[in-house]
$ cat model35.txt   # compact mmCIF, C-alpha atoms
# COMPACT_ATOMS: atom_id res chain seq x y z
CA MET A 1049 7.52 10.31 -3.85
CA LYS A 1050 10.93 9.92 -5.40
CA ILE A 1051 11.07 6.34 -4.19
CA LYS A 1052 8.14 5.44 -6.46
CA TYR A 1053 10.10 6.61 -9.47
CA PHE A 1054 13.19 4.87 -8.17
CA TYR A 1055 11.48 1.51 -7.97
CA PHE A 1056 9.72 2.07 -11.28
CA VAL A 1057 12.82 2.70 -13.32
CA PHE A 1058 15.76 1.30 -11.44
CA LEU A 1059 14.90 -1.48 -9.05
CA THR A 1060 12.55 -3.26 -11.44
CA MET A 1061 15.54 -3.87 -13.71
CA ILE A 1062 17.76 -5.58 -11.16
CA PHE A 1063 16.62 -9.15 -11.68
CA SER A 1064 15.87 -8.81 -15.40
CA ILE A 1065 18.62 -6.57 -16.74
CA PHE A 1066 21.53 -8.33 -15.12
CA THR A 1067 20.47 -11.70 -16.47
CA SER A 1068 20.55 -10.42 -20.02
CA CYS A 1069 23.58 -8.21 -19.39
CA THR A 1070 25.56 -11.07 -17.95
CA LYS A 1071 24.80 -13.35 -20.88
CA SER A 1072 25.67 -10.74 -23.48
CA THR A 1073 28.78 -9.75 -21.54
CA LYS A 1074 30.03 -13.32 -21.51
CA ASN A 1075 29.52 -13.68 -25.24
CA GLU A 1076 31.05 -10.32 -26.11
CA ASN A 1077 34.15 -10.75 -23.99
CA THR A 1078 34.71 -14.32 -25.14
CA GLU A 1079 34.66 -13.19 -28.73
CA LYS A 1080 37.07 -10.33 -28.07
CA SER A 1081 39.48 -12.41 -26.01
CA GLY A 1082 39.99 -14.98 -28.73
CA SER A 1083 39.17 -17.84 -26.39
CA ASN A 1084 36.96 -19.67 -28.90
CA TYR A 1085 37.72 -23.24 -29.84
CA LEU A 1086 36.31 -25.51 -32.54
CA VAL A 1087 35.38 -28.89 -31.11
CA ASN A 1088 33.73 -31.37 -33.48
CA ASP A 1089 32.91 -28.50 -35.82
CA THR A 1090 30.99 -26.72 -33.05
CA LEU A 1091 32.02 -23.30 -31.77
CA VAL A 1092 32.44 -23.49 -28.00
CA LYS A 1093 32.71 -20.21 -26.13
CA ILE A 1094 34.69 -20.32 -22.93
CA GLU A 1095 34.18 -17.65 -20.29
CA ASN A 1096 37.21 -15.55 -19.50
CA PRO A 1097 38.82 -17.04 -16.35
CA LYS A 1098 39.10 -13.60 -14.73
CA LEU A 1099 35.35 -13.06 -15.09
CA LEU A 1100 34.63 -16.55 -13.86
CA GLU A 1101 36.86 -16.03 -10.81
CA TYR A 1102 35.19 -12.76 -9.86
CA ARG A 1103 31.65 -13.94 -10.56
CA GLU A 1104 32.11 -16.98 -8.34
CA PHE A 1105 33.67 -14.87 -5.59
CA VAL A 1106 30.76 -12.40 -5.57
CA SER A 1107 28.18 -15.18 -5.68
CA GLU A 1108 29.55 -16.52 -2.39
CA LEU A 1109 29.25 -13.18 -0.57
CA ASP A 1110 26.33 -12.37 1.73
CA SER A 1111 24.23 -9.98 -0.36
CA SER A 1112 22.51 -8.65 2.76
CA ASP A 1113 25.73 -7.76 4.61
CA ILE A 1114 27.13 -4.26 4.04
CA LEU A 1115 30.64 -5.58 4.75
CA SER A 1116 30.45 -7.58 1.52
CA VAL A 1117 31.10 -4.35 -0.40
CA GLU A 1118 34.67 -4.00 0.86
CA LYS A 1119 35.38 -7.66 0.11
CA ALA A 1120 34.01 -7.31 -3.43
CA THR A 1121 35.95 -4.08 -3.94
CA LEU A 1122 39.29 -5.53 -2.89
CA LYS A 1123 38.74 -8.63 -5.01
CA PHE A 1124 37.78 -6.50 -8.02
CA LYS A 1125 41.04 -4.56 -7.79
CA GLU A 1126 42.99 -7.77 -7.37
CA VAL A 1127 41.43 -9.41 -10.42
CA PHE A 1128 41.00 -6.52 -12.87
CA SER A 1129 43.82 -4.05 -12.19
CA ASN A 1130 46.09 -3.91 -15.26
CA GLN A 1131 43.48 -5.75 -17.35
CA ARG A 1132 41.87 -4.26 -20.45
CA PHE A 1133 38.96 -1.90 -19.80
CA GLY A 1134 36.39 -4.08 -21.56
CA LEU A 1135 37.13 -6.99 -19.27
CA ALA A 1136 36.97 -4.80 -16.16
CA ASP A 1137 33.63 -3.32 -17.30
CA SER A 1138 32.26 -6.83 -17.67
CA GLY A 1139 33.43 -7.72 -14.18
CA PHE A 1140 31.83 -4.56 -12.85
CA VAL A 1141 28.45 -5.98 -13.86
CA TYR A 1142 28.76 -8.47 -11.00
CA PHE A 1143 29.84 -5.80 -8.53
CA GLN A 1144 26.86 -3.64 -9.52
CA GLN A 1145 24.53 -6.59 -9.15
CA LEU A 1146 25.74 -7.01 -5.58
CA MET A 1147 25.22 -3.29 -4.86
CA ASP A 1148 21.70 -3.31 -6.27
CA THR A 1149 20.71 -6.36 -4.28
CA LEU A 1150 22.21 -4.85 -1.14
CA GLU A 1151 20.27 -1.65 -1.75
CA LEU A 1152 17.02 -3.56 -1.88
CA LYS A 1153 17.73 -5.57 1.25
CA LEU A 1154 19.04 -2.59 3.22
CA ASN A 1155 15.91 -0.61 2.40
CA GLU A 1156 13.66 -3.51 3.37
CA LYS A 1157 15.28 -3.54 6.80
CA PHE A 1158 15.27 0.25 6.96
CA GLN A 1159 11.56 0.54 6.17
CA ALA A 1160 10.63 -2.27 8.53
CA ASP A 1161 11.71 -0.14 11.49
CA THR A 1162 10.69 3.39 10.52
CA ALA A 1163 10.34 4.48 14.15
CA LYS A 1164 14.05 3.83 14.55
CA TYR A 1165 15.48 5.03 11.26
CA ASN A 1166 13.18 7.96 10.48
CA ALA A 1167 14.98 9.88 13.19
CA PHE A 1168 17.25 10.87 10.29
CA ALA A 1169 14.35 12.50 8.45
CA ALA A 1170 12.43 13.90 11.41
CA GLY A 1171 15.29 16.03 12.65
CA ASN A 1172 15.37 14.19 15.96
CA VAL A 1173 18.49 13.56 17.97
CA VAL A 1174 20.22 10.61 16.34
CA SER A 1175 21.86 8.05 18.60
CA LYS A 1176 25.55 7.27 18.41
CA LYS A 1177 24.65 3.80 17.15
CA LEU A 1178 22.70 5.25 14.23
CA ILE A 1179 25.48 7.73 13.47
CA ASN A 1180 27.95 4.84 13.31
CA TYR A 1181 25.53 2.94 11.06
CA GLN A 1182 25.33 5.94 8.75
CA LYS A 1183 29.13 6.11 8.59
CA GLN A 1184 29.30 2.41 7.84
CA LEU A 1185 26.87 2.85 4.96
CA TYR A 1186 28.83 5.79 3.57
CA ASN A 1187 32.14 3.96 3.80
CA ASN A 1188 30.64 1.13 1.75
CA GLY A 1189 29.02 3.07 -1.07
CA PHE A 1190 25.60 4.01 0.34
CA ARG A 1191 24.00 7.11 1.83
CA ILE A 1192 20.83 7.96 3.69
CA ILE A 1193 18.52 10.46 2.00
CA ASN A 1194 15.59 12.33 3.50
CA LEU A 1195 12.48 12.76 1.44
CA SER A 1196 8.90 13.62 2.33
CA GLN A 1197 9.62 13.17 6.03
CA SER A 1198 10.96 9.68 5.40
CA ALA A 1199 14.48 8.31 5.11
CA TYR A 1200 15.80 5.92 2.49
CA ILE A 1201 19.09 4.31 1.56
CA GLU A 1202 20.53 4.75 -1.91
CA GLN A 1203 23.83 4.06 -3.60
CA ASN A 1204 26.52 6.69 -3.42
CA ARG A 1205 28.32 6.21 -6.71
CA VAL A 1206 31.15 8.48 -5.64
CA TYR A 1207 32.35 5.33 -3.89
CA THR A 1208 32.62 3.31 -7.10
CA ILE A 1209 34.03 6.27 -9.02
CA ASN A 1210 36.79 6.73 -6.45
CA ALA A 1211 37.47 3.01 -6.11
CA PHE A 1212 37.42 1.93 -9.74
CA SER A 1213 37.78 4.92 -12.10
CA SER A 1214 41.34 4.02 -13.11
CA ILE A 1215 40.34 0.41 -13.81
CA LEU A 1216 37.10 1.00 -15.74
CA SER A 1217 36.55 2.43 -19.22
CA ASN A 1218 35.71 6.07 -19.90
CA GLU A 1219 32.16 5.15 -20.80
CA MET A 1220 31.65 3.33 -17.50
CA ASN A 1221 32.99 6.34 -15.62
CA TYR A 1222 30.68 8.66 -17.61
CA TYR A 1223 27.76 6.37 -16.80
CA ASN A 1224 28.49 6.20 -13.07
CA ALA A 1225 29.00 9.97 -12.89
CA GLU A 1226 25.68 10.59 -14.64
CA LEU A 1227 23.77 8.25 -12.34
CA ASN A 1228 25.37 9.87 -9.32
CA THR A 1229 24.33 13.34 -10.53
CA GLU A 1230 20.78 12.18 -11.17
CA SER A 1231 20.61 10.60 -7.74
CA LEU A 1232 21.82 13.77 -6.01
CA GLU A 1233 19.41 15.97 -7.95
CA GLY A 1234 16.47 13.60 -7.52
CA PHE A 1235 13.65 13.51 -10.00
CA ALA A 1236 10.18 13.58 -8.48
CA THR A 1237 8.41 13.68 -5.14
CA ASP A 1238 4.73 13.62 -4.23
CA ASP A 1239 3.78 13.20 -7.91
CA SER A 1240 5.67 16.35 -8.91
CA ILE A 1241 8.76 16.59 -11.08
CA ILE A 1242 11.29 18.47 -8.97
CA ILE A 1243 14.08 19.02 -11.48
CA SER A 1244 13.96 21.96 -13.88
CA PRO A 1245 12.57 21.61 -17.41
CA GLN A 1246 16.08 22.11 -18.72
CA LYS A 1247 17.48 19.25 -16.64
CA LEU A 1248 14.71 16.93 -17.76
CA VAL A 1249 15.67 17.69 -21.36
CA ASP A 1250 19.39 17.39 -20.61
CA ARG A 1251 18.88 13.90 -19.21
CA ASN A 1252 16.98 12.77 -22.27
CA VAL A 1253 19.63 14.12 -24.61
CA TRP A 1254 22.47 12.66 -22.51
CA TYR A 1255 21.03 9.17 -22.95
CA ASP A 1256 20.38 9.85 -26.65
CA ARG A 1257 24.04 10.56 -27.22
CA PHE A 1258 25.43 7.93 -24.89
CA ILE A 1259 23.41 5.15 -26.52
CA VAL A 1260 24.61 6.21 -29.97
CA ASN A 1261 28.24 6.62 -28.92
CA TYR A 1262 28.49 3.38 -26.92
CA PRO A 1263 26.06 0.87 -28.44
CA HIS A 1264 27.95 -2.12 -26.98
CA PHE A 1265 28.22 -0.77 -23.45
CA VAL A 1266 27.60 -3.51 -20.88
CA PHE A 1267 24.72 -1.56 -19.30
CA ILE A 1268 23.22 -0.36 -22.58
CA GLU A 1269 19.83 -1.89 -21.76
CA ASN A 1270 19.74 0.08 -18.51
CA CYS A 1271 20.46 3.25 -20.47
CA LYS A 1272 17.63 2.51 -22.89
CA LYS A 1273 15.17 1.98 -20.05
CA PHE A 1274 16.27 5.15 -18.25
CA ARG A 1275 15.83 7.08 -21.47
CA LYS A 1276 12.43 5.54 -22.09
CA ALA A 1277 11.30 6.59 -18.61
CA TYR A 1278 12.56 10.15 -18.91
CA LEU A 1279 11.06 10.46 -22.38
CA SER A 1280 7.74 9.21 -21.03
CA TYR A 1281 7.64 12.01 -18.48
CA LEU A 1282 8.75 14.56 -21.06
CA PHE A 1283 5.69 13.62 -23.09
CA GLN A 1284 3.14 13.01 -20.34
CA GLY A 1285 4.28 14.82 -17.20
CA MET A 1286 3.01 13.82 -13.76
CA SER A 1287 -0.25 14.51 -11.97
CA LYS A 1288 1.15 17.59 -10.20
CA THR A 1289 3.39 18.57 -13.09
CA PRO A 1290 0.88 18.23 -15.92
CA VAL A 1291 1.45 18.93 -19.59
CA TYR A 1292 -1.86 20.81 -19.72
CA LEU A 1293 -3.38 23.37 -17.38
CA THR A 1294 -7.12 23.87 -17.42
CA SER A 1295 -8.35 27.45 -17.38
CA SER A 1296 -11.90 28.61 -18.15
CA ASP A 1297 -12.79 25.26 -19.72
CA LYS A 1298 -9.78 25.54 -21.98
CA LYS A 1299 -6.63 23.45 -21.89
CA VAL A 1300 -3.37 25.36 -22.21
CA LEU A 1301 0.18 24.08 -22.29
CA SER A 1302 1.81 24.42 -18.87
CA PRO A 1303 4.80 26.76 -18.40
CA TYR A 1304 6.97 23.82 -17.31
CA PHE A 1305 6.54 22.04 -20.63
CA ILE A 1306 6.64 25.20 -22.72
CA ASN A 1307 10.06 25.84 -21.20
CA ALA A 1308 11.13 22.23 -21.68
CA TYR A 1309 10.11 22.01 -25.32
CA ASP A 1310 11.46 25.47 -26.21
CA TYR A 1311 14.78 24.65 -24.57
CA LEU A 1312 14.94 21.32 -26.42
CA MET A 1313 14.23 22.83 -29.82
CA GLN A 1314 16.57 25.76 -29.36
CA ASN A 1315 19.54 23.79 -28.04
CA PHE A 1316 19.22 20.21 -29.25
CA ASN A 1317 17.19 20.49 -32.43
CA ASP A 1318 19.22 17.74 -34.11
CA SER A 1319 18.76 15.22 -31.27
CA GLU A 1320 16.62 12.09 -31.41
CA THR A 1321 14.52 13.44 -28.55
CA ALA A 1322 13.78 16.60 -30.54
CA ALA A 1323 12.78 14.54 -33.57
CA LEU A 1324 10.22 12.71 -31.45
CA VAL A 1325 8.97 15.69 -29.47
CA GLY A 1326 8.78 18.17 -32.37
CA PRO A 1327 5.52 16.94 -33.98
CA TYR A 1328 3.94 16.49 -30.55
CA PHE A 1329 4.91 20.00 -29.42
CA LEU A 1330 3.50 21.50 -32.61
CA ALA A 1331 0.23 19.62 -32.18
CA LEU A 1332 0.00 20.76 -28.55
CA LYS A 1333 0.57 24.40 -29.43
CA GLU A 1334 -2.06 24.28 -32.16
CA GLY A 1335 -4.59 22.54 -29.92
CA GLN A 1336 -4.76 19.43 -32.10
CA THR A 1337 -6.01 17.10 -29.37
CA ALA A 1338 -6.71 14.16 -31.66
CA ASN A 1339 -3.25 14.43 -33.19
CA THR A 1340 -1.49 14.59 -29.82
CA LYS A 1341 -3.34 11.47 -28.68
CA SER A 1342 -2.45 9.73 -31.92
CA ILE A 1343 1.24 10.55 -31.53
CA LEU A 1344 1.28 9.31 -27.93
CA LYS A 1345 -0.49 6.10 -28.88
CA LYS A 1346 1.95 5.48 -31.73
CA TYR A 1347 5.00 5.98 -29.50
CA ILE A 1348 3.57 3.72 -26.80
CA ILE A 1349 2.85 0.97 -29.33
CA GLN A 1350 6.36 1.35 -30.75
CA GLY A 1351 7.78 0.92 -27.25
CA LEU A 1352 9.41 4.35 -27.21
CA ILE A 1353 7.57 5.52 -24.09
CA TYR A 1354 5.56 4.03 -21.24
CA ASP A 1355 1.83 4.60 -20.93
CA LEU A 1356 1.73 6.62 -17.69
CA HIS A 1357 -2.02 7.15 -17.66
$ encode --input "model35.txt" --output "structure tokens"
Amino acid sequence: MKIKYFYFVFLTMIFSIFTSCTKSTKNENTEKSGSNYLVNDTLVKIENPKLLEYREFVSELDSSDILSVEKATLKFKEVFSNQRFGLADSGFVYFQQLMDTLELKLNEKFQADTAKYNAFAAGNVVSKKLINYQKQLYNNGFRIINLSQSAYIEQNRVYTINAFSSILSNEMNYYNAELNTESLEGFATDDSIIISPQKLVDRNVWYDRFIVNYPHFVFIENCKKFRKAYLSYLFQGMSKTPVYLTSSDKKVLSPYFINAYDYLMQNFNDSETAALVGPYFLALKEGQTANTKSILKKYIIQGLIYDLH
């Protein structure tokens, strides 16, 4: 199911990524703002007061209440409109943390009463109360998706794009737009990759380029983990979208991955993804089983991909 992939890549980062992101953001913005003071020969870094104001405001909101989104949105505009983009991006970290926590808590409630909420997925008549709930979610940056006869809540990043695009940097807008596209397209369901081979490659290359172009982006660690996940599936597939097909006791490369690798080499031959996949693809085509295993093992040890098996 798509939700398995969602939790694997995205939700597992919420309580680890934002800790590190917040710390690095504080340091980076303090250095850029010039608010460093020497006291007794010790460099003391003081957090930007705008960031401090917004962080404290968000920390006092109810992270299980959907109405907190509007409050955080209005406060963000109040604090960061007409500020430099870097400062607004740093403040957006706290807004995103609120959204991610809300997403978790909303889904916990949603899944605890499947008989009630799965009316959305089952095609049943939906009550006026549930329709109003759906509208409330949408108006606050969330949407209900139907997948495998179940319903889930996920972020609708069109909300943040519309609300904050003029306040945030270009790279933050690129990032939010990409995540919104990926969310709409999905990735996998029932242990099958549902996007095309070309889109799987496109996502890998998008993160390649973004990471190189914006190495100091406030969510750069998220980008690296997304890329690592996509690269892992590009190398290892899924149980119902395997790299190999077995026919007459012989393993052959599946059409999905033939198309993916051919598309990668023909269109993005100079990318980092192509540099990693190239030797593996050659070994696969030539039936060098030991070599393919060796390449996978090396990349896993180097931390470039996850071990999915």
$ residues_around --input "model35.txt" --residues "Gln1182 of chain A" --least-positions-apart "5" --cutoff "12 Å" --atoms "all atoms listed in the file" --output "ChimeraX atom specification"
/A:1114,1154,1158,1165,1167-1168,1174-1177,1187-1193,1199-1202
$ closest_residue --input "model35.txt" --among "A:Phe1267, A:Asn1204, A:Gln1184, A:Ala1236" --to "Phe1140 of chain A" --atoms "only C-alpha atoms"
A:Phe1267
$ atom_distance --input "model35.txt" --atom1 "atom CA of Lys1288 of chain A" --atom2 "atom CA of Gln1336 of chain A"
22.8 Å
$ atom_distance --input "model35.txt" --atom1 "atom CA of Leu1122 of chain A" --atom2 "atom CA of Ser1217 of chain A"
18.4 Å
$ residues_around --input "model35.txt" --residues "Leu1282 of chain A" --least-positions-apart "6" --cutoff "9 Å" --atoms "only C-alpha atoms" --output "number ranges by chain"
A: 1245, 1248-1249, 1252, 1291, 1305, 1308-1309, 1325
$ closest_residue --input "model35.txt" --among "A:Asn1224, A:Asn1315, A:Ser1213, A:Gln1246" --to "Phe1128 of chain A" --atoms "all atoms listed in the file"
A:Ser1213
$ axis_aligned_box --input "model35.txt" --around "segment 1261-1276 of chain A" --padding-each-side "3 Å" --output "JSON"
{"center_x": 20.5, "center_y": 1.8, "center_z": -23.6, "size_x": 22.1, "size_y": 16.6, "size_z": 16.7}
$ atom_distance --input "model35.txt" --atom1 "atom CA of Asn1180 of chain A" --atom2 "atom CA of Ala1120 of chain A"
21.6 Å
$ residues_around --input "model35.txt" --residues "Tyr1255 of chain A" --least-positions-apart "2" --cutoff "9 Å" --atoms "all atoms listed in the file" --output "mmCIF file with C-alpha atoms, in the frame of the given file"
data_model
loop_
_atom_site.group_PDB
_atom_site.id
_atom_site.type_symbol
_atom_site.label_atom_id
_atom_site.label_comp_id
_atom_site.auth_asym_id
_atom_site.auth_seq_id
_atom_site.Cartn_x
_atom_site.Cartn_y
_atom_site.Cartn_z
ATOM 1 C CA ASP A 1250 19.390 17.390 -20.610
ATOM 2 C CA ARG A 1251 18.880 13.900 -19.210
ATOM 3 C CA ASN A 1252 16.980 12.770 -22.270
ATOM 4 C CA VAL A 1253 19.630 14.120 -24.610
ATOM 5 C CA ARG A 1257 24.040 10.560 -27.220
ATOM 6 C CA PHE A 1258 25.430 7.930 -24.890
ATOM 7 C CA ILE A 1259 23.410 5.150 -26.520
ATOM 8 C CA VAL A 1260 24.610 6.210 -29.970
ATOM 9 C CA CYS A 1271 20.460 3.250 -20.470
ATOM 10 C CA LYS A 1272 17.630 2.510 -22.890
ATOM 11 C CA PHE A 1274 16.270 5.150 -18.250
ATOM 12 C CA ARG A 1275 15.830 7.080 -21.470
#
$ closest_residue --input "model35.txt" --among "A:Asn1228, A:Asn1096, A:Asn1221, A:Asn1317" --to "Val1127 of chain A" --atoms "all atoms listed in the file"
A:Asn1096
$ closest_residue --input "model35.txt" --among "A:Leu1227, A:Leu1099, A:Ile1215, A:Val1117" --to "Thr1149 of chain A" --atoms "all atoms listed in the file"
A:Val1117
$ residues_around --input "model35.txt" --residues "Ala1331 of chain A" --least-positions-apart "5" --cutoff "10 Å" --atoms "only C-alpha atoms" --output "JSON, numbers by chain"
{"A": [1325, 1326, 1336, 1337, 1338, 1339, 1340, 1341, 1343]}
$ closest_residue --input "model35.txt" --among "A:Ala1277, A:Pro1327, A:Ile1306, A:Lys1299" --to "Asp1355 of chain A" --atoms "only C-alpha atoms"
A:Ala1277
$ closest_residue --input "model35.txt" --among "A:Thr1208, A:Gln1314, A:Thr1294, A:Ser1244" --to "Glu1118 of chain A" --atoms "all atoms listed in the file"
A:Thr1208
$ decode --input "model35.txt" --residues "segment 1228-1248 of chain A" --atoms "C-alpha atoms" --output "PDB file, in the first residue's frame"
ATOM      1  CA  ASN A1228       2.773  18.002  -4.112  1.00  0.00           C
ATOM      2  CA  THR A1229       3.260  16.402  -7.544  1.00  0.00           C
ATOM      3  CA  GLU A1230       4.664  13.238  -5.992  1.00  0.00           C
ATOM      4  CA  SER A1231       1.772  13.068  -3.567  1.00  0.00           C
ATOM      5  CA  LEU A1232      -0.815  13.425  -6.338  1.00  0.00           C
ATOM      6  CA  GLU A1233       0.875  10.815  -8.509  1.00  0.00           C
ATOM      7  CA  GLY A1234       1.451   8.395  -5.639  1.00  0.00           C
ATOM      8  CA  PHE A1235       4.259   5.910  -5.707  1.00  0.00           C
ATOM      9  CA  ALA A1236       3.289   2.370  -4.778  1.00  0.00           C
ATOM     10  CA  THR A1237       0.315   0.302  -3.695  1.00  0.00           C
ATOM     11  CA  ASP A1238      -0.019  -3.360  -2.760  1.00  0.00           C
ATOM     12  CA  ASP A1239       3.757  -3.845  -3.150  1.00  0.00           C
ATOM     13  CA  SER A1240       3.696  -2.552  -6.736  1.00  0.00           C
ATOM     14  CA  ILE A1241       5.278   0.623  -8.072  1.00  0.00           C
ATOM     15  CA  ILE A1242       2.433   2.494  -9.744  1.00  0.00           C
ATOM     16  CA  ILE A1243       4.312   5.340 -11.405  1.00  0.00           C
ATOM     17  CA  SER A1244       5.940   4.860 -14.796  1.00  0.00           C
ATOM     18  CA  PRO A1245       9.617   3.909 -15.147  1.00  0.00           C
ATOM     19  CA  GLN A1246      10.251   7.353 -16.570  1.00  0.00           C
ATOM     20  CA  LYS A1247       8.722   9.107 -13.554  1.00  0.00           C
ATOM     21  CA  LEU A1248      10.756   6.990 -11.161  1.00  0.00           C
TER      22      LEU A1248
END
